[in-house]
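**Q** File follows, structure_0.csv with CSV, C-alpha atoms:
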chain,number,residue,atom,x,y,z
A,1,MET,CA,13.7,15.4,-7.0
A,2,ILE,CA,11.1,13.2,-5.4
A,3,LEU,CA,11.5,12.2,-1.7
A,4,ILE,CA,10.1,8.7,-1.2
A,5,VAL,CA,9.7,8.1,2.5
A,6,GLY,CA,9.5,4.3,3.1
A,7,GLY,CA,10.9,3.7,-0.3
A,8,ALA,CA,12.7,0.5,0.7
A,9,GLY,CA,9.4,-1.2,1.4
A,10,TYR,CA,7.0,-3.2,-0.8
A,11,ILE,CA,5.0,-0.4,-2.5
A,12,GLY,CA,7.6,2.3,-2.2
A,13,SER,CA,10.3,0.3,-4.0
A,14,HIS,CA,8.0,-0.4,-6.9
A,15,VAL,CA,7.1,3.3,-7.1
A,16,ASN,CA,10.8,4.2,-7.0
A,17,LYS,CA,11.5,1.9,-10.0
A,18,PHE,CA,8.5,3.3,-11.9
A,19,LEU,CA,9.5,6.9,-11.4
A,20,SER,CA,13.2,6.3,-12.1
A,21,GLU,CA,12.4,4.6,-15.4
A,22,ARG,CA,10.5,7.8,-16.4
A,23,GLY,CA,13.5,10.1,-15.7
A,24,TYR,CA,12.7,11.3,-12.1
A,25,GLU,CA,15.5,11.8,-9.7
A,26,THR,CA,14.6,10.0,-6.4
A,27,LEU,CA,15.7,10.2,-2.8
A,28,ILE,CA,14.8,7.3,-0.5
A,29,LEU,CA,14.4,7.8,3.2
A,30,ASP,CA,13.8,4.6,5.2
A,31,ASN,CA,14.7,3.3,8.7
A,32,LEU,CA,14.8,-0.3,7.4
A,33,THR,CA,12.8,-1.7,10.3
A,34,ARG,CA,10.5,-3.2,7.7
A,35,GLY,CA,12.1,-2.3,4.4
A,36,HIS,CA,15.1,-3.8,2.7
A,37,ARG,CA,18.3,-2.0,1.7
A,38,ASP,CA,18.7,-4.1,-1.4
A,39,PHE,CA,15.3,-3.0,-2.7
A,40,VAL,CA,16.7,0.5,-3.1
A,41,LYS,CA,18.2,0.0,-6.6
A,42,TRP,CA,17.5,3.5,-7.9
A,43,GLY,CA,18.2,7.0,-6.5
A,44,GLU,CA,20.0,8.1,-3.4
A,45,PHE,CA,19.4,6.4,0.0
A,46,ILE,CA,19.3,7.9,3.5
A,47,GLU,CA,18.8,5.7,6.4
A,48,GLY,CA,16.8,7.4,9.1
A,49,ASN,CA,13.6,7.9,11.0
A,50,LEU,CA,10.7,10.3,10.5
A,51,GLY,CA,10.8,11.1,14.2
A,52,ASP,CA,14.3,12.7,13.7
A,53,ARG,CA,13.4,16.3,12.9
A,54,ARG,CA,17.0,17.4,12.5
A,55,LEU,CA,17.5,14.7,9.9
A,56,LEU,CA,14.4,15.8,8.0
A,57,ASP,CA,15.5,19.5,8.1
A,58,ARG,CA,18.9,18.6,6.9
A,59,THR,CA,17.5,16.4,4.1
A,60,PHE,CA,15.4,19.3,2.8
A,61,GLU,CA,18.2,21.8,3.2
A,62,THR,CA,20.7,19.7,1.2
A,63,HIS,CA,18.4,18.3,-1.5
A,64,ASP,CA,16.2,20.1,-4.0
A,65,VAL,CA,13.0,18.2,-3.2
A,66,ASP,CA,9.9,19.0,-5.3
A,67,ALA,CA,7.5,16.6,-3.8
A,68,VAL,CA,7.2,13.9,-1.1
A,69,MET,CA,5.6,10.5,-1.3
A,70,HIS,CA,4.9,8.9,2.1
A,71,PHE,CA,4.8,5.1,2.5
A,72,ALA,CA,6.3,4.8,5.9
A,73,ALA,CA,3.5,3.4,8.1
A,74,PHE,CA,2.8,0.4,10.2
A,75,THR,CA,0.0,-1.6,8.6
A,76,ASP,CA,-0.7,-4.7,10.6
A,77,VAL,CA,-4.3,-4.4,11.9
A,78,GLY,CA,-3.9,-7.1,14.6
A,79,GLU,CA,-0.6,-5.6,15.9
A,80,SER,CA,-2.2,-2.1,16.0
A,81,VAL,CA,-4.7,-3.4,18.6
A,82,LEU,CA,-1.9,-4.6,20.8
A,83,LYS,CA,0.4,-1.6,20.4
A,84,PRO,CA,-1.9,1.4,19.8
A,85,GLY,CA,0.7,4.0,21.0
A,86,ARG,CA,3.3,2.7,18.6
A,87,TYR,CA,0.9,2.9,15.7
A,88,TYR,CA,-0.4,6.4,16.4
A,89,HIS,CA,3.1,7.7,17.0
A,90,ASN,CA,4.5,6.2,13.8
A,91,ASN,CA,1.5,6.7,11.5
A,92,VAL,CA,0.3,10.1,12.8
A,93,VAL,CA,2.9,11.9,15.0
A,94,ASN,CA,5.8,11.1,12.6
A,95,THR,CA,3.7,12.2,9.6
A,96,ILE,CA,3.1,15.6,11.3
A,97,ASN,CA,6.8,15.9,11.9
A,98,LEU,CA,7.4,15.3,8.1
A,99,LEU,CA,4.7,17.8,7.1
A,100,ASP,CA,6.1,20.5,9.4
A,101,SER,CA,9.6,20.1,8.0
A,102,MET,CA,8.1,20.2,4.5
A,103,VAL,CA,6.2,23.4,5.2
A,104,ASP,CA,9.3,25.1,6.9
A,105,HIS,CA,11.3,24.4,3.7
A,106,GLY,CA,8.8,25.4,1.1
A,107,VAL,CA,7.9,21.9,-0.2
A,108,ARG,CA,4.2,21.9,-0.9
A,109,ASP,CA,3.4,18.7,-2.9
A,110,PHE,CA,2.6,15.5,-0.9
A,111,ILE,CA,1.2,12.1,-1.9
A,112,PHE,CA,-0.1,10.0,0.9
A,113,SER,CA,-0.4,6.2,1.0
A,114,SER,CA,-3.9,5.7,2.5
A,115,THR,CA,-6.2,2.7,2.7
A,116,CYS,CA,-9.7,1.5,2.1
A,117,ALA,CA,-9.8,0.7,5.8
A,118,VAL,CA,-11.0,4.3,6.3
A,119,TYR,CA,-14.4,3.2,5.2
A,120,GLY,CA,-14.9,0.4,7.7
A,121,ASN,CA,-17.8,-1.9,7.1
A,122,PRO,CA,-19.2,-0.9,3.7
A,123,MET,CA,-22.8,0.1,3.3
A,124,GLU,CA,-22.7,-0.4,-0.5
A,125,ILE,CA,-20.5,-2.2,-3.0
A,126,PRO,CA,-18.5,-1.0,-4.9
A,127,ILE,CA,-17.2,1.7,-2.5
A,128,SER,CA,-16.8,5.2,-3.9
A,129,GLU,CA,-14.9,8.1,-2.3
A,130,GLU,CA,-18.3,9.5,-1.2
A,131,HIS,CA,-18.9,6.5,1.1
A,132,PRO,CA,-19.1,7.5,4.8
A,133,LEU,CA,-15.8,7.2,6.6
A,134,ASN,CA,-16.1,5.0,9.6
A,135,PRO,CA,-12.9,3.0,10.2
A,136,ILE,CA,-13.3,0.0,12.6
A,137,SER,CA,-9.5,-0.6,13.1
A,138,LEU,CA,-6.9,1.5,14.8
A,139,TYR,CA,-4.9,1.3,11.6
A,140,GLY,CA,-7.7,2.7,9.6
A,141,ARG,CA,-8.3,5.4,12.1
A,142,SER,CA,-4.6,6.4,12.0
A,143,LYS,CA,-4.8,6.8,8.2
A,144,LEU,CA,-8.0,8.8,8.4
A,145,MET,CA,-6.5,11.1,11.0
A,146,VAL,CA,-3.7,11.9,8.6
A,147,GLU,CA,-6.2,12.6,5.8
A,148,GLU,CA,-8.0,15.1,8.0
A,149,ILE,CA,-4.7,16.7,9.0
A,150,LEU,CA,-3.8,17.1,5.3
A,151,GLY,CA,-6.9,19.1,4.7
A,152,ASP,CA,-6.0,21.4,7.6
A,153,TYR,CA,-2.4,21.9,6.3
A,154,ARG,CA,-3.8,22.7,2.9
A,155,ASP,CA,-6.0,25.4,4.4
A,156,ALA,CA,-3.3,26.8,6.7
A,157,TYR,CA,-0.1,26.4,4.6
A,158,GLY,CA,-1.2,25.9,1.0
A,159,LEU,CA,-0.1,22.2,1.0
A,160,ASN,CA,-1.2,20.4,-2.1
A,161,TYR,CA,-1.9,16.7,-1.5
A,162,VAL,CA,-3.2,13.5,-3.0
A,163,SER,CA,-4.5,10.8,-0.7
A,164,LEU,CA,-4.6,7.4,-2.4
A,165,ARG,CA,-6.8,4.8,-0.8
A,166,TYR,CA,-5.5,1.4,-1.7
A,167,PHE,CA,-7.5,-1.7,-1.7
A,168,ASN,CA,-5.4,-4.9,-1.5
A,169,ALA,CA,-2.0,-4.4,-3.0
A,170,ALA,CA,-0.6,-7.6,-4.6
A,171,GLY,CA,1.8,-9.0,-7.1
A,172,ALA,CA,5.4,-8.0,-7.9
A,173,ASP,CA,7.5,-6.3,-10.5
A,174,PRO,CA,7.1,-8.4,-13.7
A,175,GLU,CA,10.9,-7.9,-14.3
A,176,GLY,CA,11.7,-9.4,-10.9
A,177,GLU,CA,13.8,-6.6,-9.6
A,178,VAL,CA,11.6,-5.9,-6.5
A,179,GLY,CA,8.7,-7.7,-4.9
A,180,GLU,CA,6.8,-8.4,-1.7
A,181,LEU,CA,8.9,-9.6,1.3
A,182,HIS,CA,7.4,-9.0,4.8
A,183,ASN,CA,8.6,-10.5,8.1
A,184,PRO,CA,6.2,-11.6,9.5
A,185,GLU,CA,4.0,-12.0,6.4
A,186,THR,CA,0.4,-11.2,6.9
A,187,HIS,CA,-0.9,-10.8,3.3
A,188,LEU,CA,-2.9,-13.7,1.9
A,189,ILE,CA,-1.3,-14.3,-1.5
A,190,PRO,CA,2.3,-14.6,-0.2
A,191,ILE,CA,1.1,-16.8,2.6
A,192,VAL,CA,-0.6,-19.1,0.1
A,193,LEU,CA,2.5,-19.2,-2.0
A,194,ASP,CA,4.6,-20.1,1.1
A,195,VAL,CA,2.3,-23.2,1.4
A,196,ALA,CA,2.9,-24.0,-2.3
A,197,LEU,CA,6.6,-23.9,-1.6
A,198,GLY,CA,6.3,-26.1,1.5
A,199,LEU,CA,7.4,-23.3,3.8
A,200,ARG,CA,4.0,-23.5,5.7
A,201,ASP,CA,1.8,-26.5,6.3
A,202,ALA,CA,-1.5,-24.8,5.4
A,203,VAL,CA,-3.2,-21.5,4.9
A,204,ARG,CA,-5.8,-20.6,7.5
A,205,ILE,CA,-9.2,-19.4,6.2
A,206,PHE,CA,-10.6,-17.0,8.8
A,207,GLY,CA,-14.3,-17.6,8.5
A,208,THR,CA,-16.3,-19.6,6.0
A,209,ASP,CA,-19.8,-18.4,7.0
A,210,TYR,CA,-19.8,-14.9,5.5
A,211,PRO,CA,-22.7,-13.7,3.3
A,212,THR,CA,-20.6,-14.2,0.1
A,213,PRO,CA,-21.0,-16.8,-2.7
A,214,ASP,CA,-18.6,-19.3,-1.1
A,215,GLY,CA,-18.7,-18.1,2.5
A,216,THR,CA,-15.2,-16.5,2.6
A,217,CYS,CA,-14.2,-12.9,2.5
A,218,VAL,CA,-14.1,-11.0,-0.8
A,219,ARG,CA,-11.4,-8.5,-1.5
A,220,ASP,CA,-10.3,-6.2,-4.4
A,221,TYR,CA,-6.7,-7.0,-5.5
A,222,ILE,CA,-4.7,-4.3,-7.3
A,223,HIS,CA,-1.3,-5.0,-8.8
A,224,VAL,CA,1.6,-3.1,-7.2
A,225,MET,CA,2.8,-1.7,-10.5
A,226,ASP,CA,-0.7,-0.3,-11.2
A,227,LEU,CA,-0.4,1.4,-7.9
A,228,ALA,CA,3.0,2.8,-9.0
A,229,ASP,CA,1.4,4.1,-12.1
A,230,ALA,CA,-1.3,5.9,-10.1
A,231,HIS,CA,1.4,7.6,-8.0
A,232,TRP,CA,3.1,8.9,-11.1
A,233,ARG,CA,-0.2,10.3,-12.3
A,234,ALA,CA,-0.9,11.8,-8.9
A,235,LEU,CA,2.4,13.6,-9.1
A,236,ARG,CA,1.5,15.1,-12.4
A,237,TYR,CA,-1.9,16.0,-11.1
A,238,LEU,CA,-0.3,18.0,-8.2
A,239,GLU,CA,1.6,20.1,-10.8
A,240,GLY,CA,-1.8,21.8,-11.4
A,241,GLY,CA,-2.0,22.9,-7.8
A,242,GLU,CA,-4.9,20.6,-7.1
A,243,SER,CA,-5.6,18.3,-4.1
A,244,GLY,CA,-7.8,15.2,-4.0
A,245,VAL,CA,-8.7,11.7,-2.7
A,246,PHE,CA,-8.8,8.7,-4.9
A,247,ASN,CA,-9.6,5.0,-4.6
A,248,LEU,CA,-7.2,2.6,-6.2
A,249,GLY,CA,-8.8,-0.8,-6.9
A,250,ASN,CA,-9.7,-3.1,-9.8
A,251,GLY,CA,-13.4,-3.0,-9.1
A,252,ASN,CA,-13.5,-6.8,-9.0
A,253,GLY,CA,-13.8,-8.9,-5.9
A,254,PHE,CA,-12.2,-12.3,-5.4
A,255,SER,CA,-12.9,-14.5,-2.4
A,256,VAL,CA,-10.2,-16.2,-0.2
A,257,MET,CA,-11.2,-19.5,-1.8
A,258,GLU,CA,-10.8,-18.1,-5.3
A,259,VAL,CA,-7.4,-16.8,-4.4
A,260,ILE,CA,-6.3,-20.2,-3.1
A,261,GLU,CA,-7.7,-22.0,-6.1
A,262,THR,CA,-6.0,-19.6,-8.5
A,263,CYS,CA,-2.7,-20.1,-6.6
A,264,ARG,CA,-3.1,-23.8,-7.1
A,265,GLU,CA,-3.6,-23.3,-10.8
A,266,VAL,CA,-0.6,-21.0,-11.2
A,267,THR,CA,1.8,-23.0,-9.1
A,268,GLY,CA,0.6,-26.5,-9.8
A,269,ALA,CA,0.8,-27.2,-6.1
A,270,SER,CA,-1.8,-28.9,-3.9
A,271,ILE,CA,-2.2,-26.1,-1.3
A,272,ASN,CA,-3.7,-27.3,2.0
A,273,ALA,CA,-6.3,-25.0,3.5
A,274,VAL,CA,-7.8,-25.2,7.0
A,275,GLU,CA,-10.9,-23.5,8.3
A,276,ASP,CA,-10.6,-21.2,11.3
A,277,ASP,CA,-12.8,-18.8,13.2
A,278,ARG,CA,-13.6,-15.3,11.9
A,279,ARG,CA,-11.2,-12.5,12.8
A,280,PRO,CA,-12.8,-9.5,14.5
A,281,GLY,CA,-13.2,-6.5,12.2
A,282,ASP,CA,-13.1,-8.4,8.9
A,283,PRO,CA,-15.8,-7.0,6.6
A,284,PRO,CA,-17.4,-9.7,4.3
A,285,GLU,CA,-16.6,-7.7,1.2
A,286,LEU,CA,-14.4,-4.8,0.2
A,287,VAL,CA,-14.5,-3.8,-3.5
A,288,GLY,CA,-13.7,-0.3,-4.7
A,289,SER,CA,-14.9,2.0,-7.4
A,290,ALA,CA,-11.9,3.7,-9.0
A,291,GLY,CA,-14.0,5.8,-11.4
A,292,ARG,CA,-12.7,9.1,-10.0
A,293,ALA,CA,-9.0,8.0,-10.6
A,294,ARG,CA,-10.0,7.0,-14.2
A,295,ARG,CA,-11.7,10.3,-14.9
A,296,VAL,CA,-9.3,12.7,-13.2
A,297,LEU,CA,-5.9,11.0,-13.3
A,298,GLY,CA,-6.5,9.0,-16.5
A,299,TRP,CA,-5.5,5.8,-14.6
A,300,ARG,CA,-6.5,2.4,-15.7
A,301,PRO,CA,-5.1,-0.8,-14.2
A,302,GLU,CA,-3.2,-3.0,-16.6
A,303,PHE,CA,-3.4,-6.1,-14.4
A,304,THR,CA,-7.1,-6.9,-14.2
A,305,GLU,CA,-7.0,-10.7,-14.0
A,306,LEU,CA,-6.3,-12.4,-10.7
A,307,GLU,CA,-4.2,-15.0,-12.4
A,308,ASP,CA,-1.9,-12.4,-14.0
A,309,ILE,CA,-1.4,-10.8,-10.6
A,310,ILE,CA,-0.6,-14.1,-8.9
A,311,GLU,CA,1.8,-15.1,-11.7
A,312,THR,CA,4.0,-12.1,-11.0
A,313,ALA,CA,3.9,-12.8,-7.3
A,314,TRP,CA,4.8,-16.5,-7.9
A,315,ASN,CA,7.7,-15.6,-10.2
A,316,TRP,CA,9.1,-13.4,-7.5
A,317,HIS,CA,8.2,-15.5,-4.5
A,318,SER,CA,9.4,-18.8,-5.9
A,319,ARG,CA,12.8,-17.3,-6.6
A,320,ILE,CA,13.3,-15.3,-3.4
A,321,ARG,CA,11.6,-17.6,-0.9
A,322,GLY,CA,12.0,-20.9,-2.6
A,323,GLY,CA,15.4,-20.5,-4.2
A,324,ILE,CA,14.1,-21.4,-7.7
A,325,SER,CA,16.1,-19.8,-10.5
Could you take the file, read its structure, and then write that structure out as structure tokens?
**A**
Amino acid sequence: MILIVGGAGYIGSHVNKFLSERGYETLILDNLTRGHRDFVKWGEFIEGNLGDRRLLDRTFETHDVDAVMHFAAFTDVGESVLKPGRYYHNNVVNTINLLDSMVDHGVRDFIFSSTCAVYGNPMEIPISEEHPLNPISLYGRSKLMVEEILGDYRDAYGLNYVSLRYFNAAGADPEGEVGELHNPETHLIPIVLDVALGLRDAVRIFGTDYPTPDGTCVRDYIHVMDLADAHWRALRYLEGGESGVFNLGNGNGFSVMEVIETCREVTGASINAVEDDRRPGDPPELVGSAGRARRVLGWRPEFTELEDIIETAWNWHSRIRGGIS
């Protein structure tokens, strides 16, 4: 059985579907503060918080858990600046609570949802796993802290772990069973699609004077089902008793303006965009090298074209947010 912590959220729900379709028995633990109960369409569900050690112990005592996947984190960079204690407690302290309960109950395989934010401002593009780690956001620092803790737990307790450093997760289940639904929404593609549906007046472009071809930030978008595939492969990798860190990205960068223009092409809507000031801490370009994941895990993204990623997002978004059948 695979325990998926945060499995009612965006990425966790897609991973749950992917694993269930491959015959895995799953157990979902989520407090539903940011997840959705109706996203848990596979496996058993437990509503609860990682800070509840008695609940964690009882979960491991009453279920035959082979491995844990951890998605339950706060991810809003802006909010993390305003509420640092909340972010460190949820992202770091609660993760330690989970790890301690795992160790006490003999569960030794752990997959961690990390981020490219651990790199900070890149010194070179594309970014490999050997790039210096220098997070510039509290969110990135909280993820790096956990990565370092995982190394310590491997040394002390024999914990096997895989840390997956996502670039920009995007898209939705092509079959439309789960997708992206945040409140408030902070991700670019769903915000642009909200404008296409008339739910927002315009998309704000934070900075048009970056040293990029069109002056807007460039990001590496990776489809959420390709992320799910990588988690499945990481699970199989752990069966060999190995540990490792892997970037998960497409290796292609798309600017904010390119995303907006592609959304216009996919939706047929005239999407209004307004220029705004830069946000502090936004690197001009973040594009990853996933060569290690290809070599070691045998992982290759299926969704490599931005248009294909946005089409799956639009199919989901227009139905859920726009009421289009």
**Q** Given all atoms listed in the file as the basis, pick out the residue of A:Asn315, A:Asn49, A:Ser289, A:Ser128 nearest to Val178 in chain A.
**A**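 Of the candidates, the smallest distance to Val178 in chain A is held by A:Asn315.
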**Q** Residues within 9 Å of range 95-108 of chain A, please, as a ChimeraX atom specification. Count all atoms listed in the file; anything in the same chain fewer than 6 positions from it doesn't count.
**A** /A:50-53,56-57,60-61,65-68,70,72-73,89,146,149-150,153-154,157-161
**Q** Just to be explicit: take each residue in the selection above, keep C-alpha atoms, and write the result as a PDB file, in the coordinates of the input.
**A**
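Result went into result.pdb, see below:
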ATOM      1  CA  LEU A  50      10.700  10.300  10.500  1.00  0.00           C
ATOM      2  CA  GLY A  51      10.800  11.100  14.200  1.00  0.00           C
ATOM      3  CA  ASP A  52      14.300  12.700  13.700  1.00  0.00           C
ATOM      4  CA  ARG A  53      13.400  16.300  12.900  1.00  0.00           C
ATOM      5  CA  LEU A  56      14.400  15.800   8.000  1.00  0.00           C
ATOM      6  CA  ASP A  57      15.500  19.500   8.100  1.00  0.00           C
ATOM      7  CA  PHE A  60      15.400  19.300   2.800  1.00  0.00           C
ATOM      8  CA  GLU A  61      18.200  21.800   3.200  1.00  0.00           C
ATOM      9  CA  VAL A  65      13.000  18.200  -3.200  1.00  0.00           C
ATOM     10  CA  ASP A  66       9.900  19.000  -5.300  1.00  0.00           C
ATOM     11  CA  ALA A  67       7.500  16.600  -3.800  1.00  0.00           C
ATOM     12  CA  VAL A  68       7.200  13.900  -1.100  1.00  0.00           C
ATOM     13  CA  HIS A  70       4.900   8.900   2.100  1.00  0.00           C
ATOM     14  CA  ALA A  72       6.300   4.800   5.900  1.00  0.00           C
ATOM     15  CA  ALA A  73       3.500   3.400   8.100  1.00  0.00           C
ATOM     16  CA  HIS A  89       3.100   7.700  17.000  1.00  0.00           C
ATOM     17  CA  VAL A 146      -3.700  11.900   8.600  1.00  0.00           C
ATOM     18  CA  ILE A 149      -4.700  16.700   9.000  1.00  0.00           C
ATOM     19  CA  LEU A 150      -3.800  17.100   5.300  1.00  0.00           C
ATOM     20  CA  TYR A 153      -2.400  21.900   6.300  1.00  0.00           C
ATOM     21  CA  ARG A 154      -3.800  22.700   2.900  1.00  0.00           C
ATOM     22  CA  TYR A 157      -0.100  26.400   4.600  1.00  0.00           C
ATOM     23  CA  GLY A 158      -1.200  25.900   1.000  1.00  0.00           C
ATOM     24  CA  LEU A 159      -0.100  22.200   1.000  1.00  0.00           C
ATOM     25  CA  ASN A 160      -1.200  20.400  -2.100  1.00  0.00           C
ATOM     26  CA  TYR A 161      -1.900  16.700  -1.500  1.00  0.00           C
TER      27      TYR A 161
END
**Q** Can you tell me how far CA of Arg204 in chain A sits from CA of Ile271 in chain A, in Å to one decimal?
**A**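 Interatomic distance, CA of Arg204 in chain A to CA of Ile271 in chain A: 11.0 Å.
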**Q** Using only C-alpha atoms, can you tell me which of A:Phe71, A:Asn272, A:Trp232, A:Tyr221 comes closest to Gly23 in chain A?
**A**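 Checking each of A:Phe71, A:Asn272, A:Trp232, A:Tyr221 against Gly23 in chain A, counting only C-alpha atoms, the winner is A:Trp232.
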**Q** Just give me the gap between CA of Ser142 in chain A and CA of Asn247 in chain A in Å, one decimal is fine.
**A** 17.4 Å
**Q** Can you tell me how far CA of Ile28 in chain A sits from CA of Gly43 in chain A, in Å to one decimal?
**A** 6.9 Å
**Q** Point out the residue among A:Cys217, A:Leu199, A:Leu32, A:Ile189 with the least atom-to-atom distance to Gly281 in chain A, counting all atoms listed in the file.
**A**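 Closest residue, counting all atoms listed in the file: A:Cys217.
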**Q** Let me make sure I understand: among A:Val259, A:Leu235, A:Cys116, A:Ile2, which one has the smallest atom-to-atom distance to Glu25 in chain A if we use only C-alpha atoms?
**A** A:Ile2
**Q** Would you list the contacts of range 296-298 of chain A as a VMD selection string, taking every protein, DNA or RNA residue within 7 Å and counting all atoms listed in the file, but skipping same-chain residues closer than 6 positions in sequence?
**A** chain A and resid 233 to 234 237
**Q** If we count all atoms listed in the file and set the cut-off at 12 Å, which residues sit around Ala169 in chain A, ignoring sequence neighbours fewer than 4 positions away in its own chain? Please answer as a ChimeraX atom specification.
**A** /A:10-12,14,113-116,165,179-180,187-190,219-228,248-250,303,306,309-310,313
**Q** Do you know which residues are at most 10 Å from Glu44 in chain A counting all atoms listed in the file, after dropping those on the same chain fewer than 4 positions away, and could you put them as number ranges by chain?
**A** A: 3, 25-29, 40
**Q** With only C-alpha atoms as the atoms that count, which of A:Gly151, A:Gly244, A:Gly251, A:Pro283 lies nearest to Tyr210 in chain A?
**A**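 Residue with the minimum atom-to-atom distance to Tyr210 in chain A: A:Pro283.
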**Q** Would you kindly identify which residues have an atom no farther than 12 Å from (14.5, -18.5, -0.4), using all atoms listed in the file and the file's own coordinates, and write them out as a list of chain:residue names?
**A**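 The distance filter leaves exactly A:Leu181, A:Asp194, A:Leu197, A:Gly198, A:Leu199, A:Trp316, A:His317, A:Ser318, A:Arg319, A:Ile320, A:Arg321, A:Gly322, A:Gly323, A:Ile324, A:Ser325.
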**Q** When you count only C-alpha atoms, which of these residues is closest to Asp76 in chain A: A:Asn134, A:Asn91, A:Thr312, A:Ser13?
**A**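 Using only C-alpha atoms, Asp76 in chain A sits closest to A:Asn91.
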